[in-house]
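What follows is a short report on a single structure.
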Amino acid sequence: MDNNVLNSNLKIDGCSYNEIFEKLKDDSIEEFVKIFLIVQLEKIETQEDMMIFINYLTNHPTPQREACAYKLRDLFNDSFINDFVKNKLLDAIVDINPNVSREICALIKSSKVLKEILEADIIARIEKLLLDIKNDNNYSNCNRNHAKNKKFFSLYWLLEALSCSISKRYLISIREILNFTITFYDYTIREKTAKILALTGDAFDDLLQIAKSDVNFYVKNQVYDKINFDD
């Protein structure tokens with residue numbers, strides 16, 4: 001990209017708040033430049049601006065999504081949550097880029113409001129995904145393909161998001177999920193299940209015992225402090 005374009009035409013260095021958002025709304029601005037515009041943001045002042053900003057969290061090139069996700073924890077304001085914002089966050093949990101997924105989960109964990117607002121939706125998305133997986137007669141076949149990998153990747157991050165938002169409000173639904181995932185053939189799913197079990201105290205002691213006895217080190221390590229070595 002021509003440096004003269006960056007420095008004179010687009011003037012991304014030292015843009016004012018309003019200039020940044022005018023450029024973010026402008027489809028003619030280079031995608032590469034928008035990354036720098038996102039990174040420059042130090043605050044978000046209005047609901048409309050939050051929606052413009054968070055729109056870059058999905059359905060945009062990977063660098064823009066990742067930049068948006070990284071900035072969210074600094075810029076997020078609970079008062080700007082609406083259905084649009086909520087759905088963007090839920091969709092971003094299962095972004096193909098794990099850096100985006102990781103940042104969104106960290107944001108959820110840091111916000112009491114997001115935990116309360118998103119937990120039921122996260123559970124609903126897990127339930128829908130598990131139904132899809134169960135309807136695939138070959139889901140437990142170790143042969144992997146792109147479609148199966150995508151489902152398992154989504155399940156992994158949705159379980160991580162659940163561990164970041166879990167409360168005691170939906171224990172019946174959560175138990176139904178964990179009943180299935182605690183014996184999932186892919187150990188990474190069992191590992192996330194064990195992480196959730198470690199957060200539930202004695203609510204699911206029978207499932208906790210299964211996690212303690214898992215043959216995989218990473219699964220067992222999630223509940224290590226729950227193991228009684230005198231048993």
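To be explicit about the labels: the chains of the structure tokens are called A, B, and onward in the order shown, and within each one the residues are counted from 1, while ligands get numbers from 1 in the order they are shown.
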
| task | Within 9 Å of range 43-58 of chain A, counting only C-alpha atoms, which residues show up once you throw out same-chain ones fewer than 3 positions away? Write them as an MDAnalysis selection string, please. | result | chainID A and resid 17 21 24:25 38 61:62 64:69 72 74:77 79:82 84:85 88:89 91:92 95 100

| said: Report as JSON, numbers by chain all protein, DNA and RNA residues lying within 7 Å of range 120-132 of chain A, evaluated on only C-alpha atoms, omitting residues in the same chain fewer than 4 positions from it. | reply: {"A": [136, 155, 158, 162, 177]}

Those residues you just picked out, can you put them in a file as a compact mmCIF listing (two decimals), in the first residue's frame with N, CA, C and O atoms?
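Wrote it out as again.txt, contents follow:
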```
# COMPACT_ATOMS: atom_id res chain seq x y z
N ASP A 136 -25.82 -37.17 14.00
CA ASP A 136 -24.81 -37.69 13.07
C ASP A 136 -24.36 -39.05 13.58
O ASP A 136 -23.65 -39.15 14.57
N LEU A 155 -18.12 -26.61 19.77
CA LEU A 155 -18.49 -27.15 21.07
C LEU A 155 -17.44 -26.83 22.12
O LEU A 155 -17.76 -26.45 23.26
N LEU A 158 -17.80 -23.11 23.05
CA LEU A 158 -19.05 -22.85 23.76
C LEU A 158 -18.98 -23.38 25.19
O LEU A 158 -19.50 -22.76 26.13
N LEU A 162 -19.28 -21.28 28.58
CA LEU A 162 -20.15 -21.69 29.69
C LEU A 162 -19.38 -21.69 31.00
O LEU A 162 -19.90 -21.26 32.04
N ILE A 177 -26.26 -31.49 29.47
CA ILE A 177 -25.13 -31.28 28.56
C ILE A 177 -23.92 -32.09 29.01
O ILE A 177 -23.31 -32.83 28.23
```

| field | 10 Å contact set for Phe204 in chain A, only C-alpha atoms, chain neighbours under 4 positions out, as a VMD selection string | value | chain A and resid 171 174 to 175 178 to 179 197 to 198 200 208 to 209

Please produce a file of those selected residues containing all heavy atoms, as a PDB file, in the first residue's frame.
```
ATOM      1  N   LEU A 171     -28.847 -25.393  36.312  1.00  0.00           N
ATOM      2  CA  LEU A 171     -28.129 -26.635  36.590  1.00  0.00           C
ATOM      3  C   LEU A 171     -28.765 -27.853  35.930  1.00  0.00           C
ATOM      4  O   LEU A 171     -28.064 -28.794  35.547  1.00  0.00           O
ATOM      5  CB  LEU A 171     -28.017 -26.851  38.103  1.00  0.00           C
ATOM      6  CG  LEU A 171     -27.077 -25.889  38.838  1.00  0.00           C
ATOM      7  CD1 LEU A 171     -27.017 -26.230  40.319  1.00  0.00           C
ATOM      8  CD2 LEU A 171     -25.675 -25.911  38.224  1.00  0.00           C
ATOM      9  N   ILE A 174     -27.620 -27.758  32.361  1.00  0.00           N
ATOM     10  CA  ILE A 174     -26.174 -27.992  32.312  1.00  0.00           C
ATOM     11  C   ILE A 174     -25.857 -29.457  32.564  1.00  0.00           C
ATOM     12  O   ILE A 174     -24.983 -30.044  31.918  1.00  0.00           O
ATOM     13  CB  ILE A 174     -25.451 -27.080  33.325  1.00  0.00           C
ATOM     14  CG1 ILE A 174     -25.558 -25.621  32.868  1.00  0.00           C
ATOM     15  CG2 ILE A 174     -23.987 -27.478  33.475  1.00  0.00           C
ATOM     16  CD1 ILE A 174     -25.037 -24.614  33.867  1.00  0.00           C
ATOM     17  N   ARG A 175     -26.594 -30.077  33.478  1.00  0.00           N
ATOM     18  CA  ARG A 175     -26.353 -31.497  33.745  1.00  0.00           C
ATOM     19  C   ARG A 175     -26.611 -32.340  32.505  1.00  0.00           C
ATOM     20  O   ARG A 175     -25.846 -33.269  32.209  1.00  0.00           O
ATOM     21  CB  ARG A 175     -27.231 -31.985  34.897  1.00  0.00           C
ATOM     22  CG  ARG A 175     -26.968 -33.455  35.209  1.00  0.00           C
ATOM     23  CD  ARG A 175     -27.808 -34.017  36.326  1.00  0.00           C
ATOM     24  NE  ARG A 175     -27.421 -35.396  36.548  1.00  0.00           N
ATOM     25  CZ  ARG A 175     -26.426 -35.792  37.321  1.00  0.00           C
ATOM     26  NH1 ARG A 175     -25.694 -34.896  37.971  1.00  0.00           N
ATOM     27  NH2 ARG A 175     -26.133 -37.069  37.448  1.00  0.00           N
ATOM     28  N   LEU A 178     -23.575 -31.970  30.292  1.00  0.00           N
ATOM     29  CA  LEU A 178     -22.368 -32.622  30.800  1.00  0.00           C
ATOM     30  C   LEU A 178     -22.499 -34.140  30.837  1.00  0.00           C
ATOM     31  O   LEU A 178     -21.493 -34.855  30.729  1.00  0.00           O
ATOM     32  CB  LEU A 178     -22.031 -32.085  32.197  1.00  0.00           C
ATOM     33  CG  LEU A 178     -21.815 -30.568  32.301  1.00  0.00           C
ATOM     34  CD1 LEU A 178     -21.320 -30.202  33.689  1.00  0.00           C
ATOM     35  CD2 LEU A 178     -20.850 -30.065  31.241  1.00  0.00           C
ATOM     36  N   ASN A 179     -23.716 -34.638  30.999  1.00  0.00           N
ATOM     37  CA  ASN A 179     -23.941 -36.089  30.937  1.00  0.00           C
ATOM     38  C   ASN A 179     -23.420 -36.670  29.625  1.00  0.00           C
ATOM     39  O   ASN A 179     -22.925 -37.795  29.580  1.00  0.00           O
ATOM     40  CB  ASN A 179     -25.439 -36.398  31.044  1.00  0.00           C
ATOM     41  CG  ASN A 179     -25.879 -36.610  32.467  1.00  0.00           C
ATOM     42  OD1 ASN A 179     -25.082 -36.950  33.336  1.00  0.00           O
ATOM     43  ND2 ASN A 179     -27.155 -36.396  32.733  1.00  0.00           N
ATOM     44  N   LEU A 197     -17.181 -28.881  35.641  1.00  0.00           N
ATOM     45  CA  LEU A 197     -17.492 -29.676  36.835  1.00  0.00           C
ATOM     46  C   LEU A 197     -16.729 -29.174  38.056  1.00  0.00           C
ATOM     47  O   LEU A 197     -17.261 -29.167  39.173  1.00  0.00           O
ATOM     48  CB  LEU A 197     -17.166 -31.147  36.584  1.00  0.00           C
ATOM     49  CG  LEU A 197     -18.115 -31.887  35.642  1.00  0.00           C
ATOM     50  CD1 LEU A 197     -17.536 -33.249  35.251  1.00  0.00           C
ATOM     51  CD2 LEU A 197     -19.489 -32.063  36.286  1.00  0.00           C
ATOM     52  N   ALA A 198     -15.502 -28.734  37.833  1.00  0.00           N
ATOM     53  CA  ALA A 198     -14.696 -28.226  38.942  1.00  0.00           C
ATOM     54  C   ALA A 198     -15.287 -26.948  39.528  1.00  0.00           C
ATOM     55  O   ALA A 198     -14.991 -26.583  40.671  1.00  0.00           O
ATOM     56  CB  ALA A 198     -13.267 -27.971  38.478  1.00  0.00           C
ATOM     57  N   THR A 200     -18.644 -26.445  39.809  1.00  0.00           N
ATOM     58  CA  THR A 200     -20.017 -26.673  40.274  1.00  0.00           C
ATOM     59  C   THR A 200     -20.096 -27.264  41.673  1.00  0.00           C
ATOM     60  O   THR A 200     -21.184 -27.628  42.125  1.00  0.00           O
ATOM     61  CB  THR A 200     -20.762 -27.605  39.298  1.00  0.00           C
ATOM     62  OG1 THR A 200     -20.076 -28.866  39.226  1.00  0.00           O
ATOM     63  CG2 THR A 200     -20.844 -26.997  37.912  1.00  0.00           C
ATOM     64  N   LEU A 208     -18.364 -35.745  38.385  1.00  0.00           N
ATOM     65  CA  LEU A 208     -17.028 -35.381  38.839  1.00  0.00           C
ATOM     66  C   LEU A 208     -16.169 -36.626  39.044  1.00  0.00           C
ATOM     67  O   LEU A 208     -14.976 -36.637  38.716  1.00  0.00           O
ATOM     68  CB  LEU A 208     -17.125 -34.588  40.138  1.00  0.00           C
ATOM     69  CG  LEU A 208     -15.842 -33.932  40.655  1.00  0.00           C
ATOM     70  CD1 LEU A 208     -15.310 -32.917  39.662  1.00  0.00           C
ATOM     71  CD2 LEU A 208     -16.102 -33.257  42.001  1.00  0.00           C
ATOM     72  N   GLN A 209     -16.768 -37.697  39.551  1.00  0.00           N
ATOM     73  CA  GLN A 209     -16.039 -38.947  39.743  1.00  0.00           C
ATOM     74  C   GLN A 209     -15.559 -39.516  38.412  1.00  0.00           C
ATOM     75  O   GLN A 209     -14.463 -40.085  38.322  1.00  0.00           O
ATOM     76  CB  GLN A 209     -16.921 -39.969  40.472  1.00  0.00           C
ATOM     77  CG  GLN A 209     -17.354 -39.561  41.871  1.00  0.00           C
ATOM     78  CD  GLN A 209     -16.186 -39.201  42.772  1.00  0.00           C
ATOM     79  OE1 GLN A 209     -15.157 -39.882  42.781  1.00  0.00           O
ATOM     80  NE2 GLN A 209     -16.338 -38.122  43.523  1.00  0.00           N
TER      81      GLN A 209
END
```

Any idea what's packed within 10 Å of Phe152 in chain A, counting only C-alpha atoms, ignoring anything in its chain fewer than 5 positions away? Could you give it as a PDB file with C-alpha atoms, in the first residue's frame?
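Written out: part.pdb:
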```pdb
ATOM      1  CA  LEU A 129     -25.091 -28.169  18.541  1.00  0.00           C
ATOM      2  CA  LEU A 130     -25.225 -31.382  20.598  1.00  0.00           C
ATOM      3  CA  ILE A 133     -23.869 -33.992  16.696  1.00  0.00           C
ATOM      4  CA  TYR A 139     -19.945 -38.550  15.265  1.00  0.00           C
ATOM      5  CA  HIS A 146     -13.953 -30.396   7.995  1.00  0.00           C
ATOM      6  CA  ALA A 147     -17.627 -30.445   8.988  1.00  0.00           C
ATOM      7  CA  TRP A 157     -15.403 -22.869  22.733  1.00  0.00           C
ATOM      8  CA  LEU A 158     -19.052 -22.852  23.762  1.00  0.00           C
ATOM      9  CA  ASP A 186     -12.453 -36.270  21.953  1.00  0.00           C
ATOM     10  CA  THR A 188     -10.530 -31.740  24.584  1.00  0.00           C
ATOM     11  CA  ILE A 189     -14.312 -31.778  25.033  1.00  0.00           C
TER      12      ILE A 189
END
```

| Of the residues A:Leu159, A:Lys212, A:Val39, A:Asn145, which is the one nearest to Thr181 in chain A, using only C-alpha atoms? | A:Leu159

| With distances taken over only C-alpha atoms, which of A:Lys148, A:Lys71, A:Arg169, A:Lys23 is nearest to Leu41 in chain A? |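 With only C-alpha atoms as the atom set, the closest residue is A:Lys71.
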
| said: DSSP on the backbone: which residues in range 23-79 of chain A end up as alpha helix (DSSP H)? Give the answer as a VMD selection string. | reply: chain A and resid 23 to 24 31 to 40 47 to 54 62 to 75

Write to file, as an mmCIF file, in the first residue's frame, the residues of the selection just made, with N, CA and C atoms.
```cif
data_model
loop_
_atom_site.group_PDB
_atom_site.id
_atom_site.type_symbol
_atom_site.label_atom_id
_atom_site.label_comp_id
_atom_site.auth_asym_id
_atom_site.auth_seq_id
_atom_site.Cartn_x
_atom_site.Cartn_y
_atom_site.Cartn_z
ATOM 1 N N LYS A 23 -14.707 6.832 9.085
ATOM 2 C CA LYS A 23 -13.923 5.950 8.235
ATOM 3 C C LYS A 23 -14.348 4.481 8.401
ATOM 4 N N LEU A 24 -14.708 4.100 9.627
ATOM 5 C CA LEU A 24 -15.170 2.726 9.854
ATOM 6 C C LEU A 24 -16.477 2.455 9.114
ATOM 7 N N GLU A 31 -9.372 -2.221 3.793
ATOM 8 C CA GLU A 31 -9.571 -3.101 4.946
ATOM 9 C C GLU A 31 -8.375 -3.046 5.883
ATOM 10 N N PHE A 32 -7.174 -2.983 5.312
ATOM 11 C CA PHE A 32 -5.961 -2.956 6.126
ATOM 12 C C PHE A 32 -5.934 -1.727 7.019
ATOM 13 N N VAL A 33 -6.383 -0.606 6.480
ATOM 14 C CA VAL A 33 -6.380 0.650 7.237
ATOM 15 C C VAL A 33 -7.334 0.570 8.426
ATOM 16 N N LYS A 34 -8.440 -0.132 8.252
ATOM 17 C CA LYS A 34 -9.442 -0.196 9.321
ATOM 18 C C LYS A 34 -8.910 -0.893 10.569
ATOM 19 N N ILE A 35 -7.941 -1.749 10.388
ATOM 20 C CA ILE A 35 -7.310 -2.380 11.548
ATOM 21 C C ILE A 35 -6.684 -1.300 12.436
ATOM 22 N N PHE A 36 -5.983 -0.371 11.826
ATOM 23 C CA PHE A 36 -5.331 0.695 12.583
ATOM 24 C C PHE A 36 -6.342 1.652 13.192
ATOM 25 N N LEU A 37 -7.445 1.852 12.497
ATOM 26 C CA LEU A 37 -8.503 2.691 13.051
ATOM 27 C C LEU A 37 -9.087 2.064 14.311
ATOM 28 N N ILE A 38 -9.323 0.764 14.261
ATOM 29 C CA ILE A 38 -9.864 0.039 15.420
ATOM 30 C C ILE A 38 -8.891 0.112 16.596
ATOM 31 N N VAL A 39 -7.615 -0.103 16.296
ATOM 32 C CA VAL A 39 -6.598 -0.105 17.354
ATOM 33 C C VAL A 39 -6.473 1.274 17.999
ATOM 34 N N GLN A 40 -6.710 2.336 17.227
ATOM 35 C CA GLN A 40 -6.588 3.696 17.757
ATOM 36 C C GLN A 40 -7.687 4.056 18.760
ATOM 37 N N GLN A 47 -24.382 4.220 21.787
ATOM 38 C CA GLN A 47 -24.882 2.909 21.370
ATOM 39 C C GLN A 47 -24.628 2.681 19.881
ATOM 40 N N GLU A 48 -24.876 3.689 19.078
ATOM 41 C CA GLU A 48 -24.666 3.559 17.634
ATOM 42 C C GLU A 48 -23.205 3.259 17.311
ATOM 43 N N ASP A 49 -22.302 3.932 18.002
ATOM 44 C CA ASP A 49 -20.874 3.704 17.756
ATOM 45 C C ASP A 49 -20.459 2.301 18.205
ATOM 46 N N MET A 50 -21.028 1.827 19.301
ATOM 47 C CA MET A 50 -20.744 0.460 19.731
ATOM 48 C C MET A 50 -21.165 -0.538 18.667
ATOM 49 N N MET A 51 -22.302 -0.314 18.050
ATOM 50 C CA MET A 51 -22.804 -1.226 17.029
ATOM 51 C C MET A 51 -21.929 -1.173 15.771
ATOM 52 N N ILE A 52 -21.439 0.017 15.421
ATOM 53 C CA ILE A 52 -20.515 0.143 14.284
ATOM 54 C C ILE A 52 -19.231 -0.617 14.575
ATOM 55 N N PHE A 53 -18.709 -0.405 15.785
ATOM 56 C CA PHE A 53 -17.452 -1.055 16.177
ATOM 57 C C PHE A 53 -17.605 -2.574 16.248
ATOM 58 N N ILE A 54 -18.604 -3.049 16.964
ATOM 59 C CA ILE A 54 -18.711 -4.487 17.218
ATOM 60 C C ILE A 54 -19.147 -5.252 15.965
ATOM 61 N N THR A 62 -10.179 -11.698 8.913
ATOM 62 C CA THR A 62 -9.640 -12.140 10.197
ATOM 63 C C THR A 62 -8.892 -11.045 10.962
ATOM 64 N N PRO A 63 -8.004 -10.264 10.343
ATOM 65 C CA PRO A 63 -7.286 -9.238 11.122
ATOM 66 C C PRO A 63 -8.215 -8.212 11.761
ATOM 67 N N GLN A 64 -9.295 -7.850 11.072
ATOM 68 C CA GLN A 64 -10.248 -6.894 11.640
ATOM 69 C C GLN A 64 -11.002 -7.511 12.805
ATOM 70 N N ARG A 65 -11.432 -8.758 12.664
ATOM 71 C CA ARG A 65 -12.140 -9.431 13.749
ATOM 72 C C ARG A 65 -11.243 -9.552 14.983
ATOM 73 N N GLU A 66 -9.997 -9.899 14.744
ATOM 74 C CA GLU A 66 -9.076 -10.080 15.862
ATOM 75 C C GLU A 66 -8.783 -8.744 16.549
ATOM 76 N N ALA A 67 -8.591 -7.698 15.772
ATOM 77 C CA ALA A 67 -8.348 -6.371 16.361
ATOM 78 C C ALA A 67 -9.546 -5.923 17.188
ATOM 79 N N CYS A 68 -10.742 -6.143 16.666
ATOM 80 C CA CYS A 68 -11.960 -5.781 17.394
ATOM 81 C C CYS A 68 -12.059 -6.555 18.698
ATOM 82 N N ALA A 69 -11.779 -7.855 18.643
ATOM 83 C CA ALA A 69 -11.857 -8.689 19.848
ATOM 84 C C ALA A 69 -10.856 -8.234 20.901
ATOM 85 N N TYR A 70 -9.630 -7.887 20.479
ATOM 86 C CA TYR A 70 -8.605 -7.451 21.423
ATOM 87 C C TYR A 70 -8.975 -6.124 22.104
ATOM 88 N N LYS A 71 -9.644 -5.252 21.368
ATOM 89 C CA LYS A 71 -9.994 -3.947 21.921
ATOM 90 C C LYS A 71 -11.246 -3.977 22.795
ATOM 91 N N LEU A 72 -12.034 -5.034 22.654
ATOM 92 C CA LEU A 72 -13.334 -5.054 23.322
ATOM 93 C C LEU A 72 -13.246 -4.933 24.835
ATOM 94 N N ARG A 73 -12.291 -5.621 25.444
ATOM 95 C CA ARG A 73 -12.234 -5.592 26.905
ATOM 96 C C ARG A 73 -11.940 -4.179 27.437
ATOM 97 N N ASP A 74 -11.190 -3.395 26.658
ATOM 98 C CA ASP A 74 -10.898 -2.017 27.062
ATOM 99 C C ASP A 74 -12.071 -1.088 26.792
ATOM 100 N N LEU A 75 -12.852 -1.382 25.762
ATOM 101 C CA LEU A 75 -13.858 -0.445 25.290
ATOM 102 C C LEU A 75 -15.285 -0.817 25.652
#
```

| Just how far from CA of Gln222 in chain A is CA of Glu191 in chain A, in Å to one decimal? |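 Separation of CA of Glu191 in chain A and CA of Gln222 in chain A: 6.9 Å.
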